[in-house]
file model_38.tsv (TSV, C-alpha atoms)
chain	number	residue	atom	x	y	z
A	892	MET	CA	-51.04	-96.65	14.13
A	893	ILE	CA	-48.10	-96.86	16.51
A	894	VAL	CA	-47.68	-94.44	19.42
A	895	THR	CA	-44.43	-93.85	21.27
A	896	LEU	CA	-43.73	-92.01	24.50
A	897	THR	CA	-40.37	-90.41	25.23
A	898	ALA	CA	-40.70	-89.09	28.77
A	899	ASN	CA	-37.08	-87.93	28.88
A	900	PRO	CA	-36.10	-86.83	25.34
A	901	SER	CA	-32.58	-85.70	24.50
A	902	LEU	CA	-30.70	-83.66	21.95
A	903	ASP	CA	-28.11	-86.23	20.93
A	904	ARG	CA	-24.73	-84.84	19.98
A	905	THR	CA	-22.33	-87.31	18.37
A	906	VAL	CA	-18.62	-86.61	17.94
A	907	VAL	CA	-16.60	-88.83	15.61
A	908	LEU	CA	-12.91	-89.24	16.46
A	909	PRO	CA	-10.19	-90.39	14.02
A	910	ALA	CA	-8.55	-92.46	16.79
A	911	PRO	CA	-9.55	-94.07	20.10
A	912	LEU	CA	-10.60	-91.71	22.88
A	913	GLN	CA	-7.64	-90.63	25.01
A	914	VAL	CA	-8.95	-89.65	28.44
A	915	GLY	CA	-7.30	-86.48	29.73
A	916	ASP	CA	-5.83	-85.53	26.34
A	917	VAL	CA	-6.84	-82.93	23.74
A	918	GLN	CA	-8.07	-84.53	20.51
A	919	SER	CA	-9.42	-83.23	17.22
A	920	ALA	CA	-12.68	-84.64	15.87
A	921	ASP	CA	-13.46	-85.65	12.31
A	922	SER	CA	-17.10	-84.60	12.48
A	923	ALA	CA	-20.09	-83.96	14.71
A	924	ARG	CA	-23.87	-84.10	14.33
A	925	GLU	CA	-27.04	-83.46	16.33
A	926	ASP	CA	-30.18	-85.58	16.27
A	927	ALA	CA	-33.51	-85.49	18.04
A	928	GLY	CA	-33.17	-88.41	20.42
A	929	GLY	CA	-34.48	-90.38	23.33
A	930	LYS	CA	-35.53	-94.00	22.95
A	931	GLY	CA	-39.14	-93.35	21.98
A	932	ILE	CA	-38.11	-90.73	19.43
A	933	ASN	CA	-35.57	-93.13	17.94
A	934	VAL	CA	-38.21	-95.85	17.64
A	935	ALA	CA	-40.69	-93.43	16.09
A	936	ARG	CA	-38.19	-92.16	13.52
A	937	ALA	CA	-37.43	-95.68	12.30
A	938	ILE	CA	-41.12	-96.60	12.13
A	939	ALA	CA	-42.04	-93.41	10.27
A	940	ALA	CA	-39.15	-93.93	7.84
A	941	ALA	CA	-40.65	-97.34	7.01
A	942	GLY	CA	-43.91	-95.66	5.99
A	943	GLU	CA	-46.03	-96.66	8.97
A	944	ASP	CA	-48.30	-94.19	10.75
A	945	CYS	CA	-46.60	-93.16	13.99
A	946	LEU	CA	-47.24	-90.51	16.62
A	947	ALA	CA	-44.52	-89.50	19.08
A	948	VAL	CA	-45.65	-88.12	22.44
A	949	LEU	CA	-43.11	-86.12	24.46
A	950	PRO	CA	-42.87	-83.28	26.99
A	951	LEU	CA	-41.59	-80.17	25.21
A	952	ALA	CA	-41.27	-76.50	26.17
A	953	ALA	CA	-42.09	-73.73	23.73
A	954	GLY	CA	-38.91	-72.26	22.30
A	955	ASP	CA	-36.79	-75.30	23.17
A	956	PRO	CA	-33.90	-75.77	20.66
A	957	PHE	CA	-35.06	-79.39	20.47
A	958	VAL	CA	-38.01	-78.20	18.36
A	959	ALA	CA	-35.71	-77.52	15.40
A	960	ALA	CA	-34.07	-80.95	15.65
A	961	LEU	CA	-37.47	-82.58	15.92
A	962	ARG	CA	-38.68	-80.71	12.84
A	963	GLU	CA	-35.76	-82.08	10.83
A	964	ALA	CA	-36.74	-85.59	11.91
A	965	ALA	CA	-40.07	-85.09	10.09
A	966	LEU	CA	-42.06	-86.83	12.82
A	967	ARG	CA	-45.71	-86.47	13.63
A	968	THR	CA	-45.65	-85.42	17.28
A	969	HIS	CA	-47.90	-84.69	20.23
A	970	PRO	CA	-45.88	-82.30	22.43
A	971	VAL	CA	-47.01	-81.84	26.03
A	972	PRO	CA	-46.22	-78.30	27.23
A	973	VAL	CA	-43.68	-78.15	30.07
A	974	ARG	CA	-41.42	-75.45	31.51
A	975	SER	CA	-37.94	-76.93	31.25
A	976	HIS	CA	-35.83	-77.63	28.18
A	977	VAL	CA	-34.75	-81.04	26.86
A	978	ARG	CA	-31.39	-82.38	28.06
A	979	ALA	CA	-28.37	-82.90	25.81
A	980	ASN	CA	-26.50	-86.21	25.59
A	981	LEU	CA	-23.01	-86.66	24.18
A	982	ALA	CA	-21.72	-89.74	22.35
A	983	ILE	CA	-18.09	-90.11	21.27
A	984	THR	CA	-17.27	-92.78	18.68
A	985	ASP	CA	-13.97	-93.99	17.27
A	986	PRO	CA	-13.08	-95.80	14.00
A	987	ALA	CA	-13.63	-99.21	15.61
A	988	GLY	CA	-17.20	-98.28	16.55
A	989	VAL	CA	-16.40	-98.03	20.26
A	990	THR	CA	-18.86	-95.56	21.76
A	991	THR	CA	-18.54	-93.54	24.96
A	992	LYS	CA	-21.76	-91.91	26.17
A	993	LEU	CA	-22.44	-89.11	28.63
A	994	ASN	CA	-26.14	-88.91	29.47
A	995	LEU	CA	-27.54	-86.01	31.49
A	996	PRO	CA	-30.44	-86.65	33.90
A	997	GLY	CA	-32.95	-84.40	32.15
A	998	ALA	CA	-35.30	-81.72	33.44
A	999	ALA	CA	-37.70	-82.52	36.26
A	1000	LEU	CA	-41.41	-82.80	35.56
A	1001	SER	CA	-43.87	-81.35	38.03
A	1002	ALA	CA	-46.80	-83.44	39.22
A	1003	ASP	CA	-49.13	-81.51	36.91
A	1004	GLU	CA	-46.79	-81.96	33.93
A	1005	ALA	CA	-46.47	-85.69	34.59
A	1006	ALA	CA	-50.26	-86.01	34.78
A	1007	ALA	CA	-50.56	-84.14	31.48
A	1008	VAL	CA	-48.15	-86.62	29.88
A	1009	VAL	CA	-50.29	-89.53	31.09
A	1010	ASP	CA	-53.44	-87.90	29.71
A	1011	ALA	CA	-51.74	-87.23	26.37
A	1012	VAL	CA	-50.67	-90.86	26.00
A	1013	VAL	CA	-54.16	-92.11	26.85
A	1014	SER	CA	-55.68	-89.78	24.25
A	1015	ALA	CA	-53.10	-90.61	21.57
A	1016	SER	CA	-53.52	-94.37	22.12
A	1017	ALA	CA	-57.15	-94.44	20.99
A	1018	GLY	CA	-57.24	-96.76	17.98
A	1019	ALA	CA	-53.50	-97.52	18.09
A	1020	GLY	CA	-52.15	-101.01	17.49
A	1021	TRP	CA	-49.01	-100.57	19.60
A	1022	LEU	CA	-47.88	-98.21	22.35
A	1023	VAL	CA	-44.12	-98.05	22.97
A	1024	LEU	CA	-42.98	-96.65	26.34
A	1025	ALA	CA	-39.26	-96.17	25.96
A	1026	GLY	CA	-36.30	-94.67	27.74
A	1027	SER	CA	-35.31	-93.34	31.11
A	1028	LEU	CA	-37.68	-91.44	33.36
A	1029	PRO	CA	-37.06	-87.76	34.08
A	1030	PRO	CA	-36.53	-86.48	37.61
A	1031	GLY	CA	-39.77	-85.76	39.40
A	1032	VAL	CA	-41.70	-88.89	38.38
A	1033	ALA	CA	-41.91	-92.12	40.33
A	1034	ASP	CA	-40.30	-95.37	39.23
A	1035	ASP	CA	-43.76	-96.79	38.48
A	1036	PHE	CA	-44.60	-94.08	35.90
A	1037	TYR	CA	-44.84	-96.62	33.06
A	1038	VAL	CA	-47.10	-98.77	35.24
A	1039	ARG	CA	-49.31	-95.75	35.83
A	1040	ILE	CA	-49.54	-95.08	32.08
A	1041	THR	CA	-50.20	-98.73	31.25
A	1042	ARG	CA	-53.07	-98.92	33.72
A	1043	ALA	CA	-54.55	-95.61	32.51
A	1044	VAL	CA	-54.45	-96.70	28.85
A	1045	ARG	CA	-56.04	-100.08	29.57
A	1046	ALA	CA	-58.69	-98.54	31.83
A	1047	ALA	CA	-59.61	-96.02	29.12
A	1048	HIS	CA	-59.63	-98.33	26.11
A	1049	GLY	CA	-60.42	-101.78	27.53
A	1050	ALA	CA	-60.35	-104.55	24.94
A	1051	ALA	CA	-59.38	-102.00	22.28
A	1052	SER	CA	-56.14	-101.11	24.10
A	1053	PRO	CA	-52.95	-101.28	22.06
A	1054	PHE	CA	-50.24	-103.83	22.71
A	1055	ILE	CA	-47.78	-102.20	25.09
A	1056	ALA	CA	-44.01	-102.52	24.72
A	1057	VAL	CA	-41.60	-101.17	27.34
A	1058	ASP	CA	-37.91	-100.45	26.81
A	1059	ALA	CA	-36.53	-99.32	30.16
A	1060	SER	CA	-33.88	-100.22	32.70
A	1061	GLY	CA	-33.22	-100.21	36.43
A	1062	ALA	CA	-36.05	-99.36	38.77
A	1063	ALA	CA	-38.43	-98.37	35.96
A	1064	LEU	CA	-38.07	-101.80	34.32
A	1065	ALA	CA	-38.39	-103.58	37.66
A	1066	ALA	CA	-41.60	-101.70	38.45
A	1067	VAL	CA	-43.26	-102.45	35.12
A	1068	VAL	CA	-42.30	-106.14	35.30
A	1069	ALA	CA	-43.64	-106.36	38.86
A	1070	ASP	CA	-46.96	-104.61	38.29
A	1071	GLY	CA	-47.47	-103.51	34.68
A	1072	ALA	CA	-47.92	-106.80	32.76
A	1073	PRO	CA	-46.62	-105.31	29.48
A	1074	ASP	CA	-47.05	-107.28	26.27
A	1075	LEU	CA	-43.34	-106.94	25.48
A	1076	ILE	CA	-40.15	-105.82	27.21
A	1077	LYS	CA	-36.89	-105.13	25.38
A	1078	PRO	CA	-33.93	-105.19	27.77
A	1079	ASN	CA	-30.37	-105.85	26.75
A	1080	ASP	CA	-28.47	-108.60	28.56
A	1081	ASP	CA	-27.01	-106.19	31.10
A	1082	GLU	CA	-30.43	-104.72	31.93
A	1083	LEU	CA	-31.98	-108.17	32.19
A	1084	GLY	CA	-29.18	-109.21	34.53
A	1085	GLU	CA	-29.75	-106.18	36.74
A	1086	LEU	CA	-33.44	-107.06	36.88
A	1087	ALA	CA	-32.62	-110.65	37.88
A	1088	GLY	CA	-29.87	-109.68	40.33
A	1089	MET	CA	-27.20	-111.61	38.45
A	1090	PRO	CA	-24.59	-110.67	35.83
A	1091	LEU	CA	-25.69	-111.53	32.29
A	1092	ASP	CA	-23.52	-109.17	30.24
A	1093	GLY	CA	-21.71	-111.58	27.93
A	1094	ALA	CA	-23.40	-114.63	29.49
A	1095	ASP	CA	-24.26	-117.60	27.33
A	1096	THR	CA	-27.64	-117.86	25.64
A	1097	ALA	CA	-28.85	-120.54	28.05
A	1098	ALA	CA	-28.50	-118.17	31.02
A	1099	VAL	CA	-30.33	-115.37	29.20
A	1100	LEU	CA	-33.09	-117.78	28.18
A	1101	GLU	CA	-33.52	-119.06	31.73
A	1102	VAL	CA	-34.03	-115.56	33.14
A	1103	ALA	CA	-36.36	-114.50	30.34
A	1104	ARG	CA	-38.38	-117.68	30.77
A	1105	SER	CA	-38.89	-116.82	34.44
A	1106	LEU	CA	-40.69	-113.66	33.29
A	1107	VAL	CA	-42.68	-114.99	30.33
A	1108	PRO	CA	-45.63	-115.39	30.70
A	1109	ALA	CA	-45.75	-114.94	34.48
A	1110	ARG	CA	-44.94	-111.22	34.37
A	1111	VAL	CA	-44.72	-110.13	30.71
A	1112	GLY	CA	-46.19	-111.33	27.45
A	1113	ALA	CA	-42.85	-111.59	25.64
A	1114	ALA	CA	-39.21	-110.55	26.01
A	1115	LEU	CA	-36.89	-109.38	23.25
A	1116	VAL	CA	-33.39	-109.46	24.75
A	1117	THR	CA	-30.74	-107.76	22.64
A	1118	LEU	CA	-27.20	-109.11	22.95
A	1119	GLY	CA	-25.18	-106.62	20.89
A	1120	SER	CA	-22.91	-108.30	18.37
A	1121	ARG	CA	-24.24	-111.72	19.48
A	1122	GLY	CA	-27.74	-111.00	18.20
A	1123	ALA	CA	-30.95	-111.26	20.18
A	1124	VAL	CA	-33.22	-113.75	21.92
A	1125	LEU	CA	-37.00	-113.62	21.67
A	1126	VAL	CA	-39.06	-115.46	24.29
A	1127	THR	CA	-42.84	-115.75	23.97
A	1128	THR	CA	-45.54	-118.05	25.26
A	1129	ASP	CA	-45.09	-120.07	22.05
A	1130	GLY	CA	-41.35	-120.67	22.32
A	1131	ALA	CA	-37.93	-119.04	22.17
A	1132	TRP	CA	-35.62	-118.12	19.29
A	1133	LEU	CA	-32.09	-116.84	18.78
A	1134	ALA	CA	-31.03	-114.69	15.82
A	1135	ARG	CA	-27.49	-113.80	14.81
A	1136	PRO	CA	-26.71	-110.44	13.19
A	1137	PRO	CA	-25.22	-110.04	9.74
A	1138	ARG	CA	-21.66	-108.78	9.40
A	1139	ILE	CA	-21.52	-104.98	9.28
A	1140	GLN	CA	-19.08	-102.11	9.70
A	1141	VAL	CA	-20.00	-100.67	13.11
A	1142	ARG	CA	-20.03	-96.87	13.17
A	1143	SER	CA	-22.13	-96.09	16.26
A	1144	THR	CA	-24.07	-98.39	18.57
A	1145	VAL	CA	-26.18	-95.52	19.94
A	1146	GLY	CA	-29.83	-96.24	19.21
A	1147	ALA	CA	-29.24	-99.75	17.86
A	1148	GLY	CA	-31.45	-101.33	20.54
A	1149	ASP	CA	-34.15	-98.75	19.87
A	1150	SER	CA	-34.08	-99.62	16.18
A	1151	SER	CA	-34.32	-103.31	17.05
A	1152	LEU	CA	-37.53	-102.59	18.93
A	1153	ALA	CA	-38.80	-100.56	15.96
A	1154	GLY	CA	-38.13	-103.50	13.65
A	1155	TYR	CA	-40.00	-105.87	15.95
A	1156	VAL	CA	-43.03	-103.57	16.21
A	1157	LEU	CA	-43.04	-102.99	12.44
A	1158	ALA	CA	-43.08	-106.73	11.79
A	1159	ALA	CA	-45.78	-107.31	14.42
A	1160	THR	CA	-47.92	-104.55	12.95
A	1161	ARG	CA	-47.68	-106.25	9.56
A	1162	GLY	CA	-48.81	-109.59	10.98
A	1163	ALA	CA	-45.43	-111.37	10.89
A	1164	ASP	CA	-44.77	-114.49	12.94
A	1165	HIS	CA	-42.33	-114.64	15.86
A	1166	GLU	CA	-39.32	-115.61	13.77
A	1167	GLU	CA	-39.85	-112.80	11.27
A	1168	ARG	CA	-40.36	-110.28	14.08
A	1169	LEU	CA	-37.01	-111.29	15.53
A	1170	ARG	CA	-35.35	-111.29	12.11
A	1171	LEU	CA	-36.53	-107.74	11.32
A	1172	ALA	CA	-35.50	-106.59	14.80
A	1173	ILE	CA	-31.97	-107.82	14.13
A	1174	ARG	CA	-31.85	-106.23	10.68
A	1175	TYR	CA	-32.95	-102.85	12.04
A	1176	GLY	CA	-30.49	-102.99	14.95
A	1177	ALA	CA	-27.63	-103.86	12.59
A	1178	ALA	CA	-28.62	-101.07	10.23
A	1179	ALA	CA	-28.62	-98.52	13.05
A	1180	ALA	CA	-25.17	-99.64	14.22
A	1181	SER	CA	-23.81	-99.12	10.71
A	1182	LEU	CA	-24.93	-95.46	10.64
A	1183	PRO	CA	-23.24	-92.49	12.35
A	1184	GLY	CA	-24.86	-90.73	15.31
A	1185	THR	CA	-28.40	-91.69	16.18
A	1186	GLN	CA	-29.73	-91.72	12.65
A	1187	ALA	CA	-32.86	-93.78	12.17
A	1188	PRO	CA	-32.39	-96.53	9.60
A	1189	THR	CA	-34.65	-96.61	6.57
A	1190	PRO	CA	-35.62	-99.76	4.69
A	1191	ALA	CA	-32.85	-98.93	2.20
A	1192	ASP	CA	-30.28	-99.15	5.03
A	1193	LEU	CA	-31.16	-102.69	6.06
A	1194	PRO	CA	-28.34	-105.21	5.47
A	1195	ALA	CA	-28.92	-107.56	2.55
A	1196	ASP	CA	-27.33	-110.59	4.22
A	1197	ASP	CA	-29.57	-113.28	5.66
A	1198	VAL	CA	-30.34	-113.33	9.38
A	1199	PRO	CA	-30.37	-116.92	10.63
A	1200	VAL	CA	-32.96	-117.69	13.30
A	1201	ALA	CA	-32.76	-120.83	15.43
A	1202	ARG	CA	-35.47	-122.16	17.73
A	1203	LEU	CA	-34.27	-122.62	21.30
A	1204	ALA	CA	-37.39	-124.04	22.92
call {"tool": "encode", "arguments": {"input": "model_38.tsv", "output": "structure tokens"}}
result
Amino acid sequence: MIVTLTANPSLDRTVVLPAPLQVGDVQSADSAREDAGGKGINVARAIAAAGEDCLAVLPLAAGDPFVAALREAALRTHPVPVRSHVRANLAITDPAGVTTKLNLPGAALSADEAAAVVDAVVSASAGAGWLVLAGSLPPGVADDFYVRITRAVRAAHGAASPFIAVDASGAALAAVVADGAPDLIKPNDDELGELAGMPLDGADTAAVLEVARSLVPARVGAALVTLGSRGAVLVTTDGAWLARPPRIQVRSTVGAGDSSLAGYVLAATRGADHEERLRLAIRYGAAAASLPGTQAPTPADLPADDVPVARLA
């Protein structure tokens, strides 16, 4: 079983424009859709669509409109009762696949609510193979919230603890790299650069590899660094690999990184080697980018073209 935590879920609204966004102008949209979102939810939807047992933990108030969107996603969930409603995020996409996002901060969690989330994750993780901690942290919790959860899960389950993957950014990522010792992190190049204090957005593969190597295995077990249209780099204690994505028609990049993580975890759960984990991560990320909104790709959506993987070290 795979467990995900979405501490700051979102109702994702996607608006599709027939032309590039014109700031300050009035434009008509071709279509719009709403999806249950947040990084952990996105990962869980892709995993569940692949037929694997998955449980999504999230804070959720009774009567929140998010409940209806979550029901449509057909996910097995463990909601933790809270007072405030889920935030709404807006994504605007144009025919070229250029996406503009407006993300709200989310509702604050009280100390008691945050503690209840930790307890729920510990309980849900019993017997799980992987635990995915993904997305931004809501107001009211400290930057080391994922560290707190990681320690609680490992203290409760010992040698039977699941592998722990973290997809975060900024201070939350810095905290978990400093003190959490996760089995996997999944930053993009910009997030990895922020962590290292140097610009990596668009940097060459050698620069990305050098930074990731400084973290593996000293701070994290492995790093899956997504590079957008340039593919992804996987660094483990056994080596490093680069995969290039297949050619697709980009419709929305929202959730593509989340789907990449889902593909990696799916492959790992099925006993795949490092190269195949990276290959499936790329295929899932490409599939997500070819779909509108934040739809979770299914196995039928995966591109048929080969994904070349080259060993870097």
call {"tool": "closest_residue", "arguments": {"input": "model_38.tsv", "among": "A:Ala1046, A:Ile1173, A:Ala1066, A:Leu995", "to": "Asn980 of chain A", "atoms": "only C-alpha atoms"}}
result
A:Leu995
call {"tool": "residues_around", "arguments": {"input": "model_38.tsv", "residues": "Leu1118 of chain A", "least_positions_apart": "6", "cutoff": "9 Å", "atoms": "only C-alpha atoms", "output": "CSV table (one decimal) with C-alpha atoms, in the frame of the given file"}}
result
chain,number,residue,atom,x,y,z
A,1079,ASN,CA,-30.4,-105.8,26.8
A,1080,ASP,CA,-28.5,-108.6,28.6
A,1081,ASP,CA,-27.0,-106.2,31.1
A,1092,ASP,CA,-23.5,-109.2,30.2
A,1093,GLY,CA,-21.7,-111.6,27.9
A,1124,VAL,CA,-33.2,-113.8,21.9
call {"tool": "residues_near_point", "arguments": {"input": "model_38.tsv", "point": "(-36.2, -117.3, 3.7)", "cutoff": "12 Å", "atoms": "only C-alpha atoms", "output": "MDAnalysis selection string"}}
result
chainID A and resid 1166:1167 1170 1196:1200
call {"tool": "closest_residue", "arguments": {"input": "model_38.tsv", "among": "A:Ala1113, A:Ala965, A:Val1145, A:Ile938", "to": "Asn994 of chain A", "atoms": "all atoms listed in the file"}}
result
A:Val1145
call {"tool": "closest_residue", "arguments": {"input": "model_38.tsv", "among": "A:Val973, A:Val1068, A:Val1013, A:Ala1025", "to": "Ala1047 of chain A", "atoms": "all atoms listed in the file"}}
result
A:Val1013
call {"tool": "residues_around", "arguments": {"input": "model_38.tsv", "residues": "Ser919 of chain A", "least_positions_apart": "4", "cutoff": "12 Å", "atoms": "all atoms listed in the file", "output": "count of residues only"}}
result
11
call {"tool": "residues_around", "arguments": {"input": "model_38.tsv", "residues": "His1165 of chain A", "least_positions_apart": "5", "cutoff": "12 Å", "atoms": "only C-alpha atoms", "output": "PyMOL selection string"}}
result
chain A and resi 1113-1115+1124-1134+1155-1156+1158-1160+1170-1172+1200-1202
call {"tool": "closest_residue", "arguments": {"input": "model_38.tsv", "among": "A:Pro986, A:Leu1169, A:Leu1203, A:Arg1135", "to": "Val1099 of chain A", "atoms": "only C-alpha atoms"}}
result
A:Leu1203
call {"tool": "residues_around", "arguments": {"input": "model_38.tsv", "residues": "Leu1000 of chain A", "least_positions_apart": "4", "cutoff": "9 Å", "atoms": "all atoms listed in the file", "output": "list in words"}}
result
Pro950, Val973, Arg974, Ser975, Glu1004, Ala1005, Pro1029, Pro1030, Gly1031 and Val1032 of chain A
call {"tool": "residues_around", "arguments": {"input": "model_38.tsv", "residues": "Glu925 of chain A", "least_positions_apart": "6", "cutoff": "12 Å", "atoms": "only C-alpha atoms", "output": "list in words"}}
result
Ser901, Leu902, Asp903, Arg904, Thr905, Val906, Val907, Pro956, Phe957, Ala959, Ala960, Leu961, Glu963, Ala964, Ala979, Asn980, Leu981, Ala982, Pro1183, Gly1184, Thr1185 and Gln1186 of chain A
call {"tool": "residues_near_point", "arguments": {"input": "model_38.tsv", "point": "(-30.2, -103.8, 8.9)", "cutoff": "7 Å", "atoms": "only C-alpha atoms", "output": "JSON, numbers by chain"}}
result
{"A": [1173, 1174, 1175, 1176, 1177, 1178, 1179, 1192, 1193, 1194]}
call {"tool": "write_last_selection", "arguments": {"input": "model_38.tsv", "atoms": "C-alpha atoms", "output": "CSV table (one decimal), in the coordinates of the input"}}
result
chain,number,residue,atom,x,y,z
A,1173,ILE,CA,-32.0,-107.8,14.1
A,1174,ARG,CA,-31.8,-106.2,10.7
A,1175,TYR,CA,-33.0,-102.8,12.0
A,1176,GLY,CA,-30.5,-103.0,15.0
A,1177,ALA,CA,-27.6,-103.9,12.6
A,1178,ALA,CA,-28.6,-101.1,10.2
A,1179,ALA,CA,-28.6,-98.5,13.0
A,1192,ASP,CA,-30.3,-99.2,5.0
A,1193,LEU,CA,-31.2,-102.7,6.1
A,1194,PRO,CA,-28.3,-105.2,5.5
call {"tool": "closest_residue", "arguments": {"input": "model_38.tsv", "among": "A:Ala1069, A:Ala1153, A:Val1009, A:Ala920", "to": "Val934 of chain A", "atoms": "all atoms listed in the file"}}
result
A:Ala1153
call {"tool": "closest_residue", "arguments": {"input": "model_38.tsv", "among": "A:Ala1019, A:Ala1007, A:Ile1139, A:Leu1086", "to": "Gly1061 of chain A", "atoms": "only C-alpha atoms"}}
result
A:Leu1086
call {"tool": "atom_distance", "arguments": {"input": "model_38.tsv", "atom1": "atom CA of Gly1088 of chain A", "atom2": "atom CA of Val1038 of chain A"}}
result
21.0 Å
call {"tool": "atom_distance", "arguments": {"input": "model_38.tsv", "atom1": "atom CA of Gly1018 of chain A", "atom2": "atom CA of Ala1063 of chain A"}}
result
26.1 Å
call {"tool": "atom_distance", "arguments": {"input": "model_38.tsv", "atom1": "atom CA of Pro970 of chain A", "atom2": "atom CA of Ala1050 of chain A"}}
result
26.7 Å
call {"tool": "build_atoms", "arguments": {"input": "model_38.tsv", "residues": "segment 1149-1162 of chain A", "atoms": "N, CA, C and O atoms", "output": "PDB file, in the coordinates of the input"}}
result
ATOM      1  N   ASP A1149     -32.886 -99.410  20.175  1.00  0.00           N
ATOM      2  CA  ASP A1149     -34.150 -98.750  19.870  1.00  0.00           C
ATOM      3  C   ASP A1149     -34.646 -99.162  18.483  1.00  0.00           C
ATOM      4  O   ASP A1149     -35.831 -99.421  18.274  1.00  0.00           O
ATOM      5  N   SER A1150     -33.713 -99.214  17.529  1.00  0.00           N
ATOM      6  CA  SER A1150     -34.080 -99.620  16.180  1.00  0.00           C
ATOM      7  C   SER A1150     -34.506-101.081  16.139  1.00  0.00           C
ATOM      8  O   SER A1150     -35.388-101.461  15.357  1.00  0.00           O
ATOM      9  N   SER A1151     -33.896-101.914  16.965  1.00  0.00           N
ATOM     10  CA  SER A1151     -34.320-103.310  17.050  1.00  0.00           C
ATOM     11  C   SER A1151     -35.787-103.396  17.486  1.00  0.00           C
ATOM     12  O   SER A1151     -36.575-104.173  16.926  1.00  0.00           O
ATOM     13  N   LEU A1152     -36.147-102.603  18.473  1.00  0.00           N
ATOM     14  CA  LEU A1152     -37.530-102.590  18.930  1.00  0.00           C
ATOM     15  C   LEU A1152     -38.450-102.089  17.815  1.00  0.00           C
ATOM     16  O   LEU A1152     -39.550-102.623  17.602  1.00  0.00           O
ATOM     17  N   ALA A1153     -37.999-101.070  17.086  1.00  0.00           N
ATOM     18  CA  ALA A1153     -38.800-100.560  15.960  1.00  0.00           C
ATOM     19  C   ALA A1153     -39.027-101.650  14.929  1.00  0.00           C
ATOM     20  O   ALA A1153     -40.141-101.815  14.408  1.00  0.00           O
ATOM     21  N   GLY A1154     -37.977-102.427  14.613  1.00  0.00           N
ATOM     22  CA  GLY A1154     -38.130-103.500  13.650  1.00  0.00           C
ATOM     23  C   GLY A1154     -39.120-104.548  14.111  1.00  0.00           C
ATOM     24  O   GLY A1154     -39.944-105.042  13.324  1.00  0.00           O
ATOM     25  N   TYR A1155     -39.056-104.898  15.399  1.00  0.00           N
ATOM     26  CA  TYR A1155     -40.000-105.870  15.950  1.00  0.00           C
ATOM     27  C   TYR A1155     -41.435-105.364  15.821  1.00  0.00           C
ATOM     28  O   TYR A1155     -42.328-106.097  15.364  1.00  0.00           O
ATOM     29  N   VAL A1156     -41.670-104.123  16.233  1.00  0.00           N
ATOM     30  CA  VAL A1156     -43.030-103.570  16.210  1.00  0.00           C
ATOM     31  C   VAL A1156     -43.528-103.453  14.769  1.00  0.00           C
ATOM     32  O   VAL A1156     -44.709-103.713  14.477  1.00  0.00           O
ATOM     33  N   LEU A1157     -42.647-103.054  13.852  1.00  0.00           N
ATOM     34  CA  LEU A1157     -43.040-102.990  12.440  1.00  0.00           C
ATOM     35  C   LEU A1157     -43.507-104.350  11.946  1.00  0.00           C
ATOM     36  O   LEU A1157     -44.553-104.476  11.302  1.00  0.00           O
ATOM     37  N   ALA A1158     -42.720-105.391  12.238  1.00  0.00           N
ATOM     38  CA  ALA A1158     -43.080-106.730  11.790  1.00  0.00           C
ATOM     39  C   ALA A1158     -44.377-107.201  12.436  1.00  0.00           C
ATOM     40  O   ALA A1158     -45.230-107.812  11.776  1.00  0.00           O
ATOM     41  N   ALA A1159     -44.552-106.915  13.731  1.00  0.00           N
ATOM     42  CA  ALA A1159     -45.780-107.310  14.420  1.00  0.00           C
ATOM     43  C   ALA A1159     -46.988-106.605  13.840  1.00  0.00           C
ATOM     44  O   ALA A1159     -48.053-107.215  13.659  1.00  0.00           O
ATOM     45  N   THR A1160     -46.831-105.325  13.526  1.00  0.00           N
ATOM     46  CA  THR A1160     -47.920-104.550  12.950  1.00  0.00           C
ATOM     47  C   THR A1160     -48.355-105.125  11.605  1.00  0.00           C
ATOM     48  O   THR A1160     -49.532-105.073  11.242  1.00  0.00           O
ATOM     49  N   ARG A1161     -47.396-105.697  10.885  1.00  0.00           N
ATOM     50  CA  ARG A1161     -47.680-106.250   9.560  1.00  0.00           C
ATOM     51  C   ARG A1161     -48.087-107.718   9.608  1.00  0.00           C
ATOM     52  O   ARG A1161     -48.202-108.374   8.582  1.00  0.00           O
ATOM     53  N   GLY A1162     -48.295-108.244  10.828  1.00  0.00           N
ATOM     54  CA  GLY A1162     -48.810-109.590  10.980  1.00  0.00           C
ATOM     55  C   GLY A1162     -47.775-110.695  10.865  1.00  0.00           C
ATOM     56  O   GLY A1162     -48.133-111.869  10.651  1.00  0.00           O
TER      57      GLY A1162
END
